[in-house]
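model03.cif, holding mmCIF, C-alpha atoms and all ligand atoms:
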data_target
#
loop_
_atom_site.label_atom_id
_atom_site.label_comp_id
_atom_site.auth_asym_id
_atom_site.auth_seq_id
_atom_site.Cartn_x
_atom_site.Cartn_y
_atom_site.Cartn_z
CA MET B 134 103.28 125.75 97.30
CA SER B 135 99.92 125.90 99.04
CA LEU B 136 99.71 125.43 102.81
CA ALA B 137 98.04 122.04 102.31
CA GLN B 138 100.84 120.90 99.98
CA ASP B 139 103.47 122.21 102.39
CA VAL B 140 101.92 120.32 105.30
CA PHE B 141 101.43 117.18 103.24
CA TRP B 142 105.03 117.20 102.06
CA LYS B 143 106.48 117.97 105.50
CA LEU B 144 104.56 115.05 106.98
CA HIS B 145 105.44 112.65 104.19
CA GLU B 146 108.95 113.75 103.24
CA GLY B 147 111.35 110.85 103.26
CA LEU B 148 108.82 108.37 104.61
CA PRO B 149 109.73 104.84 103.57
CA LYS B 150 106.18 104.50 102.33
CA GLN B 151 103.58 107.12 101.60
CA GLY B 152 100.45 105.11 102.27
CA PRO B 153 99.26 101.81 103.70
CA GLY B 154 101.05 98.80 102.32
CA SER B 155 104.13 96.65 102.71
CA ASP B 156 106.55 94.74 100.56
CA ALA B 157 104.89 91.52 101.71
CA SER B 158 101.46 92.68 100.50
CA THR B 159 102.90 93.96 97.23
CA LEU B 160 104.50 90.57 96.61
CA ARG B 161 101.31 88.79 97.58
CA ALA B 162 99.37 90.79 94.99
CA LEU B 163 102.12 90.26 92.43
CA ALA B 164 101.86 86.51 92.89
CA LEU B 165 98.14 86.77 92.12
CA ALA B 166 98.92 88.46 88.82
CA GLY B 167 99.86 85.06 87.44
CA GLU B 168 102.44 84.50 84.79
CA LEU B 169 104.18 87.57 83.43
CA PRO B 170 106.74 87.84 80.66
CA SER B 171 110.36 87.96 81.74
CA ALA B 172 111.28 91.60 82.34
CA PRO B 173 107.66 92.81 82.28
CA ARG B 174 106.76 96.42 81.51
CA ILE B 175 105.19 97.84 84.66
CA LEU B 176 103.35 101.13 85.13
CA ASP B 177 103.22 102.28 88.76
CA LEU B 178 100.69 105.11 89.14
CA GLY B 179 100.81 107.50 92.09
CA CYS B 180 104.15 105.93 92.98
CA GLY B 181 105.12 108.44 95.68
CA THR B 182 108.64 107.72 96.88
CA GLY B 183 108.30 104.31 95.31
CA ARG B 184 108.31 101.63 97.97
CA GLN B 185 106.27 99.37 95.69
CA SER B 186 108.17 100.49 92.55
CA LEU B 187 111.41 99.19 94.07
CA THR B 188 109.78 95.97 95.22
CA LEU B 189 108.26 95.31 91.80
CA ALA B 190 111.48 96.07 89.94
CA ARG B 191 113.47 93.81 92.24
CA ALA B 192 110.96 90.96 92.18
CA THR B 193 110.29 90.89 88.44
CA GLY B 194 113.52 92.16 86.89
CA GLY B 195 111.22 94.29 84.76
CA HIS B 196 111.11 97.96 83.81
CA VAL B 197 108.98 100.22 86.00
CA THR B 198 107.55 103.48 84.71
CA ALA B 199 106.78 105.30 87.96
CA VAL B 200 104.29 108.17 87.65
CA ASP B 201 103.43 110.84 90.18
CA VAL B 202 102.43 114.51 90.09
CA TRP B 203 104.76 115.42 92.95
CA ALA B 204 108.29 116.06 91.70
CA PRO B 205 110.01 115.87 95.13
CA SER B 206 108.73 112.31 95.60
CA LEU B 207 110.04 111.31 92.19
CA ALA B 208 113.46 112.74 93.09
CA VAL B 209 113.49 110.63 96.26
CA LEU B 210 112.53 107.56 94.24
CA ARG B 211 115.36 108.14 91.75
CA GLU B 212 117.83 108.36 94.62
CA ARG B 213 116.47 105.23 96.26
CA ALA B 214 116.57 103.33 92.96
CA ALA B 215 120.16 104.38 92.31
CA ARG B 216 121.23 103.36 95.82
CA ALA B 217 119.51 99.99 95.40
CA GLY B 218 121.19 99.39 92.05
CA LEU B 219 117.80 99.57 90.32
CA GLY B 220 118.34 102.88 88.54
CA ALA B 221 118.30 101.33 85.08
CA GLN B 222 115.00 99.56 85.78
CA ILE B 223 113.02 102.51 87.10
CA GLU B 224 112.02 105.55 85.07
CA THR B 225 110.14 108.40 86.69
CA VAL B 226 107.47 110.43 84.91
CA GLN B 227 105.83 113.54 86.35
CA GLN B 228 102.24 113.39 85.15
CA SER B 229 98.74 113.18 86.48
CA MET B 230 97.37 109.68 86.42
CA GLY B 231 94.07 111.19 85.31
CA ALA B 232 95.56 112.68 82.15
CA LEU B 233 98.32 110.31 81.12
CA ASP B 234 100.28 110.88 77.96
CA LEU B 235 102.56 107.88 77.60
CA ARG B 236 102.88 108.08 73.82
CA GLY B 237 100.96 104.91 73.10
CA ARG B 238 103.00 102.70 75.39
CA ILE B 239 101.26 99.66 76.84
CA PHE B 240 102.15 97.55 79.86
CA ASP B 241 102.13 93.99 81.12
CA LEU B 242 101.25 95.19 84.60
CA VAL B 243 99.53 98.37 85.77
CA TRP B 244 99.91 99.03 89.50
CA CYS B 245 98.39 101.61 91.83
CA GLU B 246 98.74 101.42 95.60
CA SER B 247 96.96 103.93 97.84
CA ALA B 248 96.46 106.53 95.15
CA VAL B 249 93.44 105.67 92.98
CA TYR B 250 91.17 107.82 95.17
CA THR B 251 92.70 110.90 93.56
CA ILE B 252 90.86 110.24 90.29
CA GLY B 253 88.18 107.81 91.51
CA PHE B 254 88.01 104.03 91.33
CA ASP B 255 85.53 103.70 88.46
CA ALA B 256 87.18 106.37 86.32
CA ALA B 257 90.56 104.69 86.85
CA LEU B 258 89.26 101.27 85.81
CA ARG B 259 87.98 102.75 82.57
CA ALA B 260 91.00 104.94 81.84
CA TRP B 261 93.71 102.38 82.57
CA ARG B 262 92.32 99.36 80.77
CA PRO B 263 93.61 100.46 77.33
CA LEU B 264 97.10 100.69 78.86
CA LEU B 265 97.20 96.91 79.34
CA VAL B 266 98.49 94.46 76.78
CA PRO B 267 96.13 91.57 76.08
CA GLY B 268 96.77 89.20 78.96
CA GLY B 269 98.16 92.04 81.08
CA ALA B 270 97.35 92.59 84.73
CA LEU B 271 96.06 95.48 86.82
CA ALA B 272 96.54 95.82 90.57
CA VAL B 273 94.89 98.67 92.45
CA SER B 274 94.22 99.27 96.11
CA GLU B 275 91.26 101.31 97.30
CA LEU B 276 89.80 102.42 100.60
CA ALA B 277 86.50 100.69 101.31
CA TRP B 278 84.23 99.82 104.18
CA LEU B 279 84.83 96.36 105.58
CA ARG B 280 81.49 96.12 107.35
CA ALA B 281 77.95 97.22 106.70
CA ASP B 282 77.53 98.91 110.09
CA PRO B 283 80.60 101.06 110.71
CA PRO B 284 80.57 103.17 113.88
CA GLU B 285 78.87 106.54 113.52
CA ARG B 286 82.09 108.37 114.34
CA ALA B 287 83.88 106.57 111.55
CA ARG B 288 81.05 107.32 109.15
CA ARG B 289 81.24 111.00 110.01
CA PHE B 290 84.99 111.12 109.60
CA TRP B 291 85.00 109.47 106.19
CA ALA B 292 82.00 111.45 104.98
CA GLY B 293 84.40 114.39 105.09
CA GLY B 294 87.68 112.58 104.41
CA TYR B 295 86.59 110.44 101.47
CA PRO B 296 82.89 110.70 100.62
CA ALA B 297 83.28 108.34 97.64
CA MET B 298 84.39 105.47 99.88
CA ARG B 299 82.04 102.51 99.55
CA ALA B 300 81.74 98.86 100.43
CA HIS B 301 84.21 96.32 99.11
CA GLU B 302 81.38 94.46 97.38
CA ALA B 303 80.46 97.63 95.49
CA ASN B 304 84.03 97.91 94.25
CA LEU B 305 83.92 94.31 93.10
CA ARG B 306 80.73 95.04 91.19
CA ALA B 307 82.47 98.02 89.58
CA LEU B 308 85.29 95.73 88.47
CA ALA B 309 82.84 93.38 86.84
CA ASP B 310 80.92 96.25 85.22
CA SER B 311 84.18 97.52 83.72
CA GLY B 312 84.91 94.13 82.18
CA TYR B 313 87.40 92.82 84.72
CA LEU B 314 87.21 89.30 86.03
CA LEU B 315 88.07 89.02 89.68
CA ALA B 316 90.83 86.59 90.56
CA ASP B 317 91.11 87.15 94.31
CA SER B 318 91.16 89.78 97.03
CA PHE B 319 92.75 90.25 100.40
CA THR B 320 92.68 92.71 103.26
CA LEU B 321 95.87 94.49 104.16
CA PRO B 322 96.88 93.76 107.74
CA ASP B 323 96.77 96.57 110.31
CA THR B 324 100.56 96.56 110.39
CA ASP B 325 100.54 97.75 106.76
CA TRP B 326 98.95 100.98 108.00
CA GLU B 327 100.79 101.31 111.26
CA ASP B 328 104.40 100.43 110.53
CA GLY B 329 106.26 103.21 108.81
CA TYR B 330 103.11 105.18 108.03
CA TYR B 331 100.52 106.10 110.68
CA ALA B 332 103.04 105.69 113.48
CA GLU B 333 105.55 107.87 111.64
CA LEU B 334 102.95 110.52 110.72
CA ALA B 335 101.81 110.73 114.33
CA ARG B 336 105.43 111.23 115.40
CA ARG B 337 105.87 114.07 112.88
CA ILE B 338 102.67 116.00 113.54
CA PRO B 339 103.88 117.99 116.58
CA ARG B 340 106.89 119.35 114.70
CA CYS B 341 104.72 120.14 111.69
CA GLU B 342 102.23 121.97 113.89
CA ARG B 343 105.00 124.03 115.40
CA ASP B 344 106.83 124.85 112.17
CA THR B 345 104.15 125.12 109.54
CA LEU B 346 100.66 125.61 110.78
CA ASN B 347 99.27 128.62 112.46
CA PRO B 348 97.75 127.95 115.88
CA ARG B 349 94.15 128.30 114.73
CA LEU B 350 94.50 125.77 111.95
CA THR B 351 96.44 123.54 114.28
CA ARG B 352 93.65 123.52 116.84
CA CYS B 353 90.92 123.05 114.29
CA SER B 354 92.43 120.36 112.18
CA MET B 355 95.65 118.67 113.06
CA ARG B 356 95.03 118.03 116.73
CA ARG B 357 91.59 116.70 115.99
CA ARG B 358 93.14 114.31 113.54
CA THR B 359 95.82 113.26 115.97
CA ARG B 360 93.21 112.45 118.58
CA SER B 361 91.11 110.39 116.26
CA ARG B 362 91.00 106.80 117.25
CA CYS B 363 90.70 105.01 114.01
CA SER B 364 92.26 101.97 112.64
CA ALA B 365 92.19 100.67 109.19
CA SER B 366 92.66 97.60 107.23
CA ALA B 367 92.55 97.17 103.52
CA ARG B 368 91.37 94.44 101.29
CA GLY B 369 92.60 93.67 97.82
CA ALA B 370 90.86 92.05 94.92
CA LEU B 371 92.60 90.47 92.00
CA GLY B 372 91.07 89.63 88.67
CA THR B 373 91.22 89.19 84.97
CA CYS B 374 89.61 91.20 82.22
CA SER B 375 89.05 91.35 78.52
CA THR B 376 90.21 94.16 76.35
CA SER B 377 87.63 96.30 74.62
CA ARG B 378 88.33 94.35 71.45
CA GLY B 379 87.32 91.19 73.24
CA ARG B 380 90.76 89.62 73.29
CA PRO B 381 91.58 87.82 76.52
CA CYS B 382 93.48 89.99 78.93
CA ARG B 383 94.60 88.96 82.38
CA THR B 384 94.37 91.74 84.87
CA VAL B 385 94.90 91.98 88.57
CA PRO B 386 92.76 94.63 90.19
CA ILE B 387 93.33 94.93 93.89
CA THR B 388 90.76 96.86 95.82
CA ALA B 389 91.81 97.86 99.26
CA GLU B 390 89.27 98.47 101.92
CA HIS B 391 89.21 100.62 104.93
CA GLY B 392 87.46 99.81 108.18
CA LEU B 393 87.30 101.62 111.48
CA ARG B 394 86.95 100.18 114.91
CA PRO B 395 85.06 101.74 117.81
CA ARG B 396 86.89 104.35 119.78
CA ASN B 397 87.25 102.17 122.86
CA ASP B 398 89.45 99.69 121.03
CA ALA B 399 92.69 100.18 122.96
CA ARG B 400 94.78 99.04 120.04
CA ASN B 401 93.77 102.16 118.15
CA ALA B 402 95.07 104.59 120.70
CA SER B 403 98.02 105.88 118.71
CA ARG B 404 96.45 105.80 115.28
CA VAL B 405 95.60 108.76 113.13
CA PRO B 406 93.56 108.93 109.93
CA PRO B 407 95.40 109.32 106.64
CA ILE B 408 95.99 112.81 105.39
CA ARG B 409 95.20 113.07 101.75
CA PRO B 410 96.73 115.52 99.31
CA ARG B 411 94.38 118.10 97.90
C1 LIG J 1 99.04 108.07 99.56
S1 LIG J 1 100.34 108.39 98.39
C2 LIG J 1 100.78 106.72 97.89
C3 LIG J 1 102.17 106.64 97.31
C4 LIG J 1 102.70 105.25 97.04
N1 LIG J 1 101.90 104.54 96.07
C5 LIG J 1 102.77 104.44 98.32
O1 LIG J 1 101.89 103.62 98.57
O2 LIG J 1 103.72 104.66 99.08
C6 LIG J 1 99.43 109.00 97.00
C7 LIG J 1 100.34 109.49 95.89
O3 LIG J 1 99.54 109.87 94.79
C8 LIG J 1 100.12 111.04 94.22
N2 LIG J 1 99.07 111.70 93.42
C9 LIG J 1 98.03 112.44 93.86
N3 LIG J 1 97.28 112.83 92.81
C10 LIG J 1 97.87 112.32 91.70
C11 LIG J 1 97.58 112.38 90.31
N4 LIG J 1 96.49 113.03 89.86
N5 LIG J 1 98.39 111.76 89.46
C12 LIG J 1 99.48 111.08 89.89
N6 LIG J 1 99.82 111.00 91.20
C13 LIG J 1 99.03 111.61 92.08
C14 LIG J 1 100.61 111.82 95.39
O4 LIG J 1 101.60 112.77 95.00
C15 LIG J 1 101.16 110.70 96.26
O5 LIG J 1 102.52 110.45 95.96
#

What is this structure when it is put down as structure tokens?
Amino acid sequence: MSLAQDVFWKLHEGLPKQGPGSDASTLRALALAGELPSAPRILDLGCGTGRQSLTLARATGGHVTAVDVWAPSLAVLRERAARAGLGAQIETVQQSMGALDLRGRIFDLVWCESAVYTIGFDAALRAWRPLLVPGGALAVSELAWLRADPPERARRFWAGGYPAMRAHEANLRALADSGYLLADSFTLPDTDWEDGYYAELARRIPRCERDTLNPRLTRCSMRRRTRSRCSASARGALGTCSTSRGRPCRTVPITAEHGLRPRNDARNASRVPPIRPR
């Protein structure tokens, strides 16, 4: 395991959620997906430890194929599903979402929360569309700027952290260009970032510094991140699309957006930026 993977796993191990989001926001997006068959087939990409996989399985009574590259997260998800009595509804698959081999299976709902950045928003829209049944739905969250004039400090941070991050409107244009029809969008509340995620990561960083990182790396990277005063909110966008054969296909893309407030915003005092896997 590389040092970056070791650090990432130590910080995220056992977290109730592995990125911004909440059951309430997942259910809100699910409602925007419109009518689904009973027991829908759901593909959850970059599922992590599966907060949203469990929520979707419980809410729909469907079957969730939960995909992630990181085997330890999938093991946690299997345990959580078994404990919740959802073991029969959730199947885990260790694969890269950028090179899926699902043996021709197609889905009523394709879902991706806080993970599309790993292969890129536009590439994901193109690659995942054939996985939808006609009338199926896609939901995806994505970091994006919420304002045209973000603070310089925020710009600098994200230029390094996620150079591909762009404005929400640009993501909506990408949806349209890929043949999706937008149904709706919403911004994740700050509590979706803070509760159980940023707050928990900030609590874990000192132990991780002590146990895992050498002092030089600690000074250069982790402390700087801890001191960052950033906050985030995310916005989702829901829509419909047509399949490449032109048959009507409902889809639910959610784009999440990321905004930063100026440093002197007292509410941001304990917040840290997300740490992305490499
Ligand atoms: C920020 S976490 C989000 C996890 C989960 N969706 C959530 O919101 O709690 C991103 C997840 O994407 C996974 N991931 C990264 N690259 C991936 C890839 N190429 N294919 C599948 N999963 C990937 C990571 O292992 C991690 O579990």

Applying 7 Å and all atoms listed in the file, which residues near Cys245 of chain B remain after dropping the ones on its own chain fewer than 3 positions away? List them as a PDB file with C-alpha atoms, in the coordinates of the input.
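Final file, around16.pdb:
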ATOM      1  CA  ASP B 177     103.220 102.280  88.760  1.00  0.00           C
ATOM      2  CA  LEU B 178     100.690 105.110  89.140  1.00  0.00           C
ATOM      3  CA  GLY B 179     100.810 107.500  92.090  1.00  0.00           C
ATOM      4  CA  ALA B 248      96.460 106.530  95.150  1.00  0.00           C
ATOM      5  CA  VAL B 249      93.440 105.670  92.980  1.00  0.00           C
ATOM      6  CA  ALA B 272      96.540  95.820  90.570  1.00  0.00           C
ATOM      7  CA  VAL B 273      94.890  98.670  92.450  1.00  0.00           C
ATOM      8  CA  SER B 274      94.220  99.270  96.110  1.00  0.00           C
TER       9      SER B 274
END

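Proximity to ligand LIG 1 (chain J) was assessed for B:Gly329, B:Pro284, B:Gly268, B:Gly220 counting only C-alpha atoms and all ligand atoms; the smallest distance is recorded for B:Gly329.
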
_Distance filter 7 Å around ligand LIG 1 (chain J), atoms: only C-alpha atoms and all ligand atoms, out as a VMD selection string_ = chain B and resid 150 to 154 178 to 185 200 to 203 206 228 to 231 245 to 248 251 to 252 409 to 410

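Using all atoms listed in the file, the smallest distance between any of B:Ala270, B:Val140, B:Leu235, B:Leu160 and Ile175 of chain B comes from B:Ala270.
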
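Shortest separation to Leu321 of chain B among B:Ile223, B:Val209, B:Ala256, B:Leu276 occurs at residue B:Leu276, atoms counted being all atoms listed in the file.
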
*How many Å lie between atom CA of Trp326 of chain B and atom CA of Arg161 of chain B, rounded to one decimal?*
16.2 Å

_As an exercise, work out the distance from atom CA of Pro263 of chain B to atom CA of His301 of chain B in Å and give it to one decimal place._
24.1 Å

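Of the listed residues (B:Ile338, B:Ala172, B:Leu148, B:Ala166), B:Ala166 comes nearest to Ser318 of chain B; the distances count all atoms listed in the file.
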
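Comparing the minimum interatomic distances between Asp255 of chain B and each of B:Val243, B:Ala303, B:Leu314, B:Ala199, counting only C-alpha atoms, we find that B:Ala303 sits nearest.
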
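Atom CA of Glu168 of chain B to atom CA of Ala221 of chain B spans 23.1 Å [interatomic distance, one decimal].
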
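Residue nearest Ala162 of chain B within the list B:Leu334, B:Leu258, B:Leu189, B:Val197: B:Leu189 [criterion: smallest interatomic distance, only C-alpha atoms].
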